[in-house]
file structure-v4.pdb (PDB, C-alpha atoms and all ligand atoms)
ATOM      1  CA  MET A   1      17.480 127.159  83.590  1.00  0.00           C
ATOM      2  CA  ALA A   2      15.078 126.351  86.399  1.00  0.00           C
ATOM      3  CA  ALA A   3      17.115 123.245  87.170  1.00  0.00           C
ATOM      4  CA  LEU A   4      20.249 125.361  87.235  1.00  0.00           C
ATOM      5  CA  LEU A   5      18.748 127.840  89.685  1.00  0.00           C
ATOM      6  CA  ALA A   6      17.518 125.033  91.891  1.00  0.00           C
ATOM      7  CA  ALA A   7      20.966 123.474  91.866  1.00  0.00           C
ATOM      8  CA  SER A   8      22.538 126.854  92.693  1.00  0.00           C
ATOM      9  CA  ALA A   9      20.203 127.188  95.639  1.00  0.00           C
ATOM     10  CA  LEU A  10      21.291 123.768  96.844  1.00  0.00           C
ATOM     11  CA  LEU A  11      24.920 124.784  96.561  1.00  0.00           C
ATOM     12  CA  CYS A  12      24.281 127.938  98.548  1.00  0.00           C
ATOM     13  CA  ALA A  13      22.710 125.881 101.281  1.00  0.00           C
ATOM     14  CA  ALA A  14      26.101 124.194 101.527  1.00  0.00           C
ATOM     15  CA  CYS A  15      27.873 127.567 101.509  1.00  0.00           C
ATOM     16  CA  ALA A  16      27.709 127.705 105.272  1.00  0.00           C
ATOM     17  CA  SER A  17      30.816 125.598 105.580  1.00  0.00           C
ATOM     18  CA  ASP A  18      34.207 127.152 104.834  1.00  0.00           C
ATOM     19  CA  ALA A  19      35.116 124.131 102.731  1.00  0.00           C
ATOM     20  CA  ALA A  20      32.412 124.980 100.212  1.00  0.00           C
ATOM     21  CA  LEU A  21      33.712 128.529  99.932  1.00  0.00           C
ATOM     22  CA  SER A  22      37.269 127.340  99.256  1.00  0.00           C
ATOM     23  CA  PRO A  23      36.993 124.714  96.540  1.00  0.00           C
ATOM     24  CA  ALA A  24      39.968 122.422  96.180  1.00  0.00           C
ATOM     25  CA  CYS A  25      40.268 123.226  92.488  1.00  0.00           C
ATOM     26  CA  PRO A  26      40.808 126.704  91.051  1.00  0.00           C
ATOM     27  CA  PRO A  27      38.227 128.090  88.589  1.00  0.00           C
ATOM     28  CA  GLY A  28      38.306 126.354  85.232  1.00  0.00           C
ATOM     29  CA  VAL A  29      39.796 123.083  86.467  1.00  0.00           C
ATOM     30  CA  GLY A  30      36.408 121.516  86.864  1.00  0.00           C
ATOM     31  CA  ARG A  31      34.074 120.398  89.585  1.00  0.00           C
ATOM     32  CA  GLY A  32      34.796 123.607  91.470  1.00  0.00           C
ATOM     33  CA  LEU A  33      32.073 125.701  93.042  1.00  0.00           C
ATOM     34  CA  TRP A  34      32.950 128.631  90.795  1.00  0.00           C
ATOM     35  CA  ASP A  35      32.650 126.570  87.659  1.00  0.00           C
ATOM     36  CA  PHE A  36      28.924 126.490  88.153  1.00  0.00           C
ATOM     37  CA  PRO A  37      28.078 129.791  86.459  1.00  0.00           C
ATOM     38  CA  TRP A  38      29.835 128.600  83.291  1.00  0.00           C
ATOM     39  CA  GLU A  39      26.881 126.398  82.459  1.00  0.00           C
ATOM     40  CA  ALA A  40      24.650 129.408  82.055  1.00  0.00           C
ATOM     41  CA  PRO A  41      26.534 130.999  79.125  1.00  0.00           C
ATOM     42  CA  ALA A  42      26.221 127.738  77.156  1.00  0.00           C
ATOM     43  CA  ALA A  43      22.425 127.897  77.312  1.00  0.00           C
ATOM     44  CA  ASP A  44      22.533 131.616  76.584  1.00  0.00           C
ATOM     45  CA  ALA A  45      24.723 131.000  73.559  1.00  0.00           C
ATOM     46  CA  ALA A  46      22.193 128.611  72.031  1.00  0.00           C
ATOM     47  CA  SER A  47      19.322 131.053  72.518  1.00  0.00           C
ATOM     48  CA  ARG A  48      21.451 133.940  71.207  1.00  0.00           C
ATOM     49  CA  LEU A  49      22.138 131.893  68.086  1.00  0.00           C
ATOM     50  CA  LEU A  50      18.424 131.213  67.632  1.00  0.00           C
ATOM     51  CA  GLU A  51      17.722 134.940  67.892  1.00  0.00           C
ATOM     52  CA  ASN A  52      20.438 135.809  65.384  1.00  0.00           C
ATOM     53  CA  PRO A  53      18.738 136.910  62.123  1.00  0.00           C
ATOM     54  CA  ASP A  54      21.681 135.587  60.087  1.00  0.00           C
ATOM     55  CA  PHE A  55      21.194 132.109  61.494  1.00  0.00           C
ATOM     56  CA  GLY A  56      18.369 129.880  60.353  1.00  0.00           C
ATOM     57  CA  ALA A  57      17.272 126.504  61.613  1.00  0.00           C
ATOM     58  CA  THR A  58      14.602 124.031  60.668  1.00  0.00           C
ATOM     59  CA  PRO A  59      12.105 123.389  63.493  1.00  0.00           C
ATOM     60  CA  GLN A  60      13.898 120.139  64.375  1.00  0.00           C
ATOM     61  CA  ALA A  61      17.269 121.903  64.520  1.00  0.00           C
ATOM     62  CA  ALA A  62      15.788 124.732  66.598  1.00  0.00           C
ATOM     63  CA  ARG A  63      14.372 122.190  69.050  1.00  0.00           C
ATOM     64  CA  ASP A  64      17.827 120.663  69.490  1.00  0.00           C
ATOM     65  CA  LEU A  65      19.260 124.102  70.293  1.00  0.00           C
ATOM     66  CA  GLU A  66      16.458 124.766  72.764  1.00  0.00           C
ATOM     67  CA  SER A  67      16.897 121.416  74.499  1.00  0.00           C
ATOM     68  CA  GLY A  68      20.624 122.008  74.968  1.00  0.00           C
ATOM     69  CA  VAL A  69      21.718 118.870  73.138  1.00  0.00           C
ATOM     70  CA  VAL A  70      23.979 120.796  70.745  1.00  0.00           C
ATOM     71  CA  ASP A  71      27.679 120.950  71.639  1.00  0.00           C
ATOM     72  CA  GLY A  72      28.756 124.404  72.831  1.00  0.00           C
ATOM     73  CA  ARG A  73      31.761 124.461  70.481  1.00  0.00           C
ATOM     74  CA  LEU A  74      29.434 123.994  67.529  1.00  0.00           C
ATOM     75  CA  VAL A  75      27.083 126.738  68.734  1.00  0.00           C
ATOM     76  CA  ALA A  76      30.052 129.116  69.014  1.00  0.00           C
ATOM     77  CA  VAL A  77      31.387 128.289  65.554  1.00  0.00           C
ATOM     78  CA  LEU A  78      27.988 128.761  63.910  1.00  0.00           C
ATOM     79  CA  GLN A  79      27.655 132.115  65.644  1.00  0.00           C
ATOM     80  CA  GLU A  80      31.109 133.084  64.370  1.00  0.00           C
ATOM     81  CA  ILE A  81      30.286 132.172  60.766  1.00  0.00           C
ATOM     82  CA  THR A  82      27.187 134.383  60.867  1.00  0.00           C
ATOM     83  CA  GLU A  83      29.397 137.426  61.368  1.00  0.00           C
ATOM     84  CA  GLU A  84      29.979 137.326  57.595  1.00  0.00           C
ATOM     85  CA  HIS A  85      27.355 134.930  56.235  1.00  0.00           C
ATOM     86  CA  ARG A  86      23.790 133.765  56.536  1.00  0.00           C
ATOM     87  CA  ILE A  87      23.579 130.050  57.160  1.00  0.00           C
ATOM     88  CA  CYS A  88      20.746 127.602  57.655  1.00  0.00           C
ATOM     89  CA  VAL A  89      21.118 124.349  59.571  1.00  0.00           C
ATOM     90  CA  GLU A  90      18.870 121.530  58.504  1.00  0.00           C
ATOM     91  CA  ALA A  91      19.758 119.086  61.278  1.00  0.00           C
ATOM     92  CA  PHE A  92      21.846 118.571  64.369  1.00  0.00           C
ATOM     93  CA  LYS A  93      20.522 115.392  66.027  1.00  0.00           C
ATOM     94  CA  GLU A  94      16.752 115.252  65.602  1.00  0.00           C
ATOM     95  CA  GLY A  95      15.623 114.128  62.186  1.00  0.00           C
ATOM     96  CA  HIS A  96      19.102 113.250  60.975  1.00  0.00           C
ATOM     97  CA  SER A  97      19.543 109.942  59.227  1.00  0.00           C
ATOM     98  CA  PHE A  98      22.317 108.534  57.084  1.00  0.00           C
ATOM     99  CA  LEU A  99      20.139 106.098  55.182  1.00  0.00           C
ATOM    100  CA  PRO A 100      16.431 106.508  54.452  1.00  0.00           C
ATOM    101  CA  GLY A 101      14.359 104.508  56.900  1.00  0.00           C
ATOM    102  CA  VAL A 102      17.319 103.707  59.154  1.00  0.00           C
ATOM    103  CA  PRO A 103      17.008 105.538  62.511  1.00  0.00           C
ATOM    104  CA  ASP A 104      20.219 107.144  63.757  1.00  0.00           C
ATOM    105  CA  GLY A 105      22.119 105.561  66.616  1.00  0.00           C
ATOM    106  CA  PRO A 106      25.508 106.037  68.280  1.00  0.00           C
ATOM    107  CA  ARG A 107      27.256 104.470  65.275  1.00  0.00           C
ATOM    108  CA  ILE A 108      27.070 105.286  61.552  1.00  0.00           C
ATOM    109  CA  PRO A 109      25.117 102.444  59.906  1.00  0.00           C
ATOM    110  CA  GLU A 110      26.927  99.899  57.776  1.00  0.00           C
ATOM    111  CA  GLY A 111      26.272 100.720  54.164  1.00  0.00           C
ATOM    112  CA  TYR A 112      27.012 104.418  54.548  1.00  0.00           C
ATOM    113  CA  GLY A 113      30.275 104.249  52.640  1.00  0.00           C
ATOM    114  CA  GLU A 114      33.451 103.355  54.467  1.00  0.00           C
ATOM    115  CA  ALA A 115      32.376 105.413  57.499  1.00  0.00           C
ATOM    116  CA  GLY A 116      29.907 102.676  58.503  1.00  0.00           C
ATOM    117  CA  GLY A 117      30.536 101.625  62.110  1.00  0.00           C
ATOM    118  CA  LEU A 118      32.282 104.864  63.126  1.00  0.00           C
ATOM    119  CA  PRO A 119      30.808 107.048  65.920  1.00  0.00           C
ATOM    120  CA  ASN A 120      27.888 109.189  64.745  1.00  0.00           C
ATOM    121  CA  THR A 121      28.663 112.759  65.770  1.00  0.00           C
ATOM    122  CA  HIS A 122      25.111 113.880  64.918  1.00  0.00           C
ATOM    123  CA  TYR A 123      23.723 111.466  67.497  1.00  0.00           C
ATOM    124  CA  PHE A 124      25.818 113.136  70.192  1.00  0.00           C
ATOM    125  CA  GLY A 125      24.850 116.691  69.168  1.00  0.00           C
ATOM    126  CA  ARG A 126      28.330 117.372  67.876  1.00  0.00           C
ATOM    127  CA  ALA A 127      27.505 117.892  64.189  1.00  0.00           C
ATOM    128  CA  ALA A 128      25.516 120.294  62.045  1.00  0.00           C
ATOM    129  CA  ASP A 129      24.398 119.965  58.432  1.00  0.00           C
ATOM    130  CA  VAL A 130      24.342 123.323  56.638  1.00  0.00           C
ATOM    131  CA  TYR A 131      22.287 123.187  53.453  1.00  0.00           C
ATOM    132  CA  TRP A 132      22.015 126.913  52.631  1.00  0.00           C
ATOM    133  CA  VAL A 133      24.580 129.712  52.619  1.00  0.00           C
ATOM    134  CA  ASP A 134      23.661 133.347  51.975  1.00  0.00           C
ATOM    135  CA  GLY A 135      20.307 132.292  50.589  1.00  0.00           C
ATOM    136  CA  LYS A 136      21.793 129.777  48.159  1.00  0.00           C
ATOM    137  CA  PRO A 137      21.556 125.999  48.377  1.00  0.00           C
ATOM    138  CA  VAL A 138      24.948 124.331  48.768  1.00  0.00           C
ATOM    139  CA  ALA A 139      23.766 121.877  46.110  1.00  0.00           C
ATOM    140  CA  GLY A 140      24.903 123.209  42.747  1.00  0.00           C
ATOM    141  CA  ASN A 141      26.791 126.105  44.360  1.00  0.00           C
ATOM    142  CA  ALA A 142      29.835 124.307  45.738  1.00  0.00           C
ATOM    143  CA  THR A 143      32.259 126.809  44.196  1.00  0.00           C
ATOM    144  CA  ASP A 144      30.085 129.893  44.713  1.00  0.00           C
ATOM    145  CA  PRO A 145      32.285 132.608  46.282  1.00  0.00           C
ATOM    146  CA  ASP A 146      30.109 132.797  49.406  1.00  0.00           C
ATOM    147  CA  VAL A 147      30.060 129.049  49.956  1.00  0.00           C
ATOM    148  CA  LEU A 148      33.841 128.917  49.504  1.00  0.00           C
ATOM    149  CA  ALA A 149      34.209 131.871  51.881  1.00  0.00           C
ATOM    150  CA  VAL A 150      32.455 129.888  54.614  1.00  0.00           C
ATOM    151  CA  GLY A 151      35.139 127.223  54.180  1.00  0.00           C
ATOM    152  CA  ARG A 152      37.887 129.813  54.503  1.00  0.00           C
ATOM    153  CA  ALA A 153      36.212 131.323  57.564  1.00  0.00           C
ATOM    154  CA  LEU A 154      36.167 127.855  59.141  1.00  0.00           C
ATOM    155  CA  ALA A 155      39.857 127.373  58.394  1.00  0.00           C
ATOM    156  CA  GLU A 156      40.641 130.635  60.196  1.00  0.00           C
ATOM    157  CA  ILE A 157      39.107 129.421  63.464  1.00  0.00           C
ATOM    158  CA  PRO A 158      41.845 128.357  65.896  1.00  0.00           C
ATOM    159  CA  ALA A 159      42.601 124.624  65.695  1.00  0.00           C
ATOM    160  CA  ARG A 160      41.474 123.870  69.222  1.00  0.00           C
ATOM    161  CA  ARG A 161      37.973 125.263  68.538  1.00  0.00           C
ATOM    162  CA  ARG A 162      37.538 124.388  64.856  1.00  0.00           C
ATOM    163  CA  PRO A 163      35.437 121.345  63.889  1.00  0.00           C
ATOM    164  CA  ASP A 164      37.680 118.410  62.991  1.00  0.00           C
ATOM    165  CA  GLN A 165      35.108 116.708  60.777  1.00  0.00           C
ATOM    166  CA  ILE A 166      34.460 119.151  57.934  1.00  0.00           C
ATOM    167  CA  ILE A 167      32.890 117.545  54.865  1.00  0.00           C
ATOM    168  CA  GLY A 168      31.465 119.201  51.773  1.00  0.00           C
ATOM    169  CA  PRO A 169      30.875 118.660  48.061  1.00  0.00           C
ATOM    170  CA  PRO A 170      33.921 117.452  46.064  1.00  0.00           C
ATOM    171  CA  PRO A 171      34.398 120.764  44.132  1.00  0.00           C
ATOM    172  CA  TRP A 172      34.159 122.771  47.402  1.00  0.00           C
ATOM    173  CA  THR A 173      36.745 120.603  49.092  1.00  0.00           C
ATOM    174  CA  GLY A 174      38.992 120.587  46.019  1.00  0.00           C
ATOM    175  CA  SER A 175      38.864 124.370  45.517  1.00  0.00           C
ATOM    176  CA  LEU A 176      39.645 125.117  49.141  1.00  0.00           C
ATOM    177  CA  GLY A 177      42.543 122.671  49.233  1.00  0.00           C
ATOM    178  CA  TYR A 178      42.578 122.129  53.003  1.00  0.00           C
ATOM    179  CA  GLY A 179      43.628 118.769  54.362  1.00  0.00           C
ATOM    180  CA  ARG A 180      43.111 116.447  57.257  1.00  0.00           C
ATOM    181  CA  GLN A 181      45.398 118.448  59.551  1.00  0.00           C
ATOM    182  CA  ARG A 182      42.964 121.345  59.316  1.00  0.00           C
ATOM    183  CA  GLY A 183      39.902 119.210  59.955  1.00  0.00           C
ATOM    184  CA  TRP A 184      38.786 118.432  56.401  1.00  0.00           C
ATOM    185  CA  ILE A 185      37.690 114.924  55.507  1.00  0.00           C
ATOM    186  CA  LEU A 186      39.021 113.976  52.080  1.00  0.00           C
ATOM    187  CA  ALA A 187      37.726 110.407  51.656  1.00  0.00           C
ATOM    188  CA  ARG A 188      36.218 110.363  48.182  1.00  0.00           C
ATOM    189  CA  ASP A 189      33.144 108.352  49.136  1.00  0.00           C
ATOM    190  CA  GLN A 190      32.345 110.806  51.950  1.00  0.00           C
ATOM    191  CA  LEU A 191      32.626 113.817  49.653  1.00  0.00           C
ATOM    192  CA  GLU A 192      30.218 112.192  47.230  1.00  0.00           C
ATOM    193  CA  LEU A 193      27.730 111.697  50.076  1.00  0.00           C
ATOM    194  CA  HIS A 194      27.942 115.456  50.784  1.00  0.00           C
ATOM    195  CA  GLU A 195      27.123 116.908  47.368  1.00  0.00           C
ATOM    196  CA  ASP A 196      24.384 119.093  48.826  1.00  0.00           C
ATOM    197  CA  HIS A 197      25.525 120.242  52.268  1.00  0.00           C
ATOM    198  CA  LEU A 198      28.386 121.130  54.561  1.00  0.00           C
ATOM    199  CA  HIS A 199      28.838 118.856  57.562  1.00  0.00           C
ATOM    200  CA  LEU A 200      30.607 120.428  60.532  1.00  0.00           C
ATOM    201  CA  GLY A 201      31.373 118.015  63.329  1.00  0.00           C
ATOM    202  CA  TYR A 202      33.569 117.293  66.312  1.00  0.00           C
ATOM    203  CA  MET A 203      34.881 113.751  66.510  1.00  0.00           C
ATOM    204  CA  ASP A 204      35.502 113.779  70.246  1.00  0.00           C
ATOM    205  CA  GLU A 205      33.613 114.976  73.273  1.00  0.00           C
ATOM    206  CA  ARG A 206      36.498 117.267  74.178  1.00  0.00           C
ATOM    207  CA  GLY A 207      39.221 118.935  72.161  1.00  0.00           C
ATOM    208  CA  THR A 208      39.857 118.491  68.456  1.00  0.00           C
ATOM    209  CA  ARG A 209      42.173 116.423  66.298  1.00  0.00           C
ATOM    210  CA  ASN A 210      43.222 119.453  64.257  1.00  0.00           C
ATOM    211  CA  ALA A 211      46.971 119.849  63.998  1.00  0.00           C
ATOM    212  CA  ARG A 212      46.895 123.457  62.833  1.00  0.00           C
TER     213      ARG A 212
HETATM  214 ZN    ZN O 301      26.177 115.626  58.727  1.00  0.00          ZN
END
call {"tool": "encode", "arguments": {"input": "structure-v4.pdb", "output": "structure tokens"}}
result
Amino acid sequence: MAALLAASALLCAACASDAALSPACPPGVGRGLWDFPWEAPAADAASRLLENPDFGATPQAARDLESGVVDGRLVAVLQEITEEHRICVEAFKEGHSFLPGVPDGPRIPEGYGEAGGLPNTHYFGRAADVYWVDGKPVAGNATDPDVLAVGRALAEIPARRRPDQIIGPPPWTGSLGYGRQRGWILARDQLELHEDHLHLGYMDERGTRNAR
């Protein structure tokens, strides 16, 4: 926030010229003077989520939210889910690892099923692992009505904002019946690696691969 204010002050120093007051791009296009304030709501959104009593985070997950490493789309979706449910995130980036003793990097390590070698969305702050829903562990409760309801709530989020890397336990995925077009990963080996949590991720830095 301090950095943002300092940068704003710098921009205002440049405000003297007419050119700075009439950016070449309209608001929302990017790199325009008036796009600057949009960075503030992203930081606010993360702190609002942390203050939300229906959202829980482990200390490592809370630190990621505080540091701003978590993707704004993910922050917004988690906030949306808490309108109907209590959820607890175990990890975004810090402390996440695919294989015990193997530190996370930009790519999923070989040996983690067929996903080995693919980009690691956790590493880029674009994924969350939810281990508890409405006070219940996802493990052993894959077809619990509340855990299933979180899946349906996700499916209702518009395609352009919804995570496109949704992975959960096999019975959860099977009961919901959503497919790849909606963002669900159906690869059997991946489902078996997610018996105890819901993984919500965005494959790309911008946009989603959801078709509907
Ligand atoms: Zn995950």
call {"tool": "residues_near_ligand", "arguments": {"input": "structure-v4.pdb", "ligand": "ligand ZN 301 (chain O)", "cutoff": "7 Å", "atoms": "all atoms listed in the file", "output": "list in words"}}
result
His122, Ala127, Ala128, Asp129, His199 and Leu200 of chain A
call {"tool": "atom_distance", "arguments": {"input": "structure-v4.pdb", "atom1": "atom CA of A:Gly105", "atom2": "atom CA of A:Arg126"}}
result
13.4 Å
call {"tool": "axis_aligned_box", "arguments": {"input": "structure-v4.pdb", "around": "stretch 109-123 of chain A", "padding_each_side": "4 Å", "output": "lines of an AutoDock Vina configuration file"}}
result
center_x = 28.6
center_y = 106.9
center_z = 60.1
size_x = 17.7
size_y = 22.0
size_z = 22.9
call {"tool": "resolve_selection", "arguments": {"input": "structure-v4.pdb", "expression": "the PyMOL selection byres (((chain A and resi 164-179) around 9) and not hetatm)", "output": "number ranges by chain"}}
result
A: 127, 138-139, 141-144, 147-148, 151-152, 154-155, 159, 161-163, 180-186, 188, 190-204, 208-210
call {"tool": "atom_distance", "arguments": {"input": "structure-v4.pdb", "atom1": "atom CA of A:Leu65", "atom2": "atom CA of A:Gly116"}}
result
26.7 Å
call {"tool": "closest_residue", "arguments": {"input": "structure-v4.pdb", "among": "A:Ala153, A:Asp54, A:Glu205, A:Gly117", "to": "A:Val70", "atoms": "all atoms listed in the file"}}
result
A:Glu205
call {"tool": "atom_distance", "arguments": {"input": "structure-v4.pdb", "atom1": "atom CA of A:Glu90", "atom2": "atom CA of A:Gly207"}}
result
24.6 Å
call {"tool": "resolve_selection", "arguments": {"input": "structure-v4.pdb", "expression": "the PyMOL selection byres (((chain A and resi 53) around 12) and not hetatm)", "output": "ChimeraX atom specification"}}
result
/A:47-52,54-57,79,82-83,85-88,134
call {"tool": "closest_residue", "arguments": {"input": "structure-v4.pdb", "among": "A:Ala61, A:Pro106, A:Trp132, A:Ala46", "to": "A:Arg73", "atoms": "all atoms listed in the file"}}
result
A:Ala46
call {"tool": "closest_residue", "arguments": {"input": "structure-v4.pdb", "among": "A:Pro119, A:Ile157, A:Thr58, A:Pro145", "to": "A:Leu78", "atoms": "only C-alpha atoms"}}
result
A:Ile157
call {"tool": "residues_around", "arguments": {"input": "structure-v4.pdb", "residues": "A:Gly125", "least_positions_apart": "3", "cutoff": "7 Å", "atoms": "only C-alpha atoms", "output": "MDAnalysis selection string"}}
result
chainID A and resid 69:71 92:93 121:122
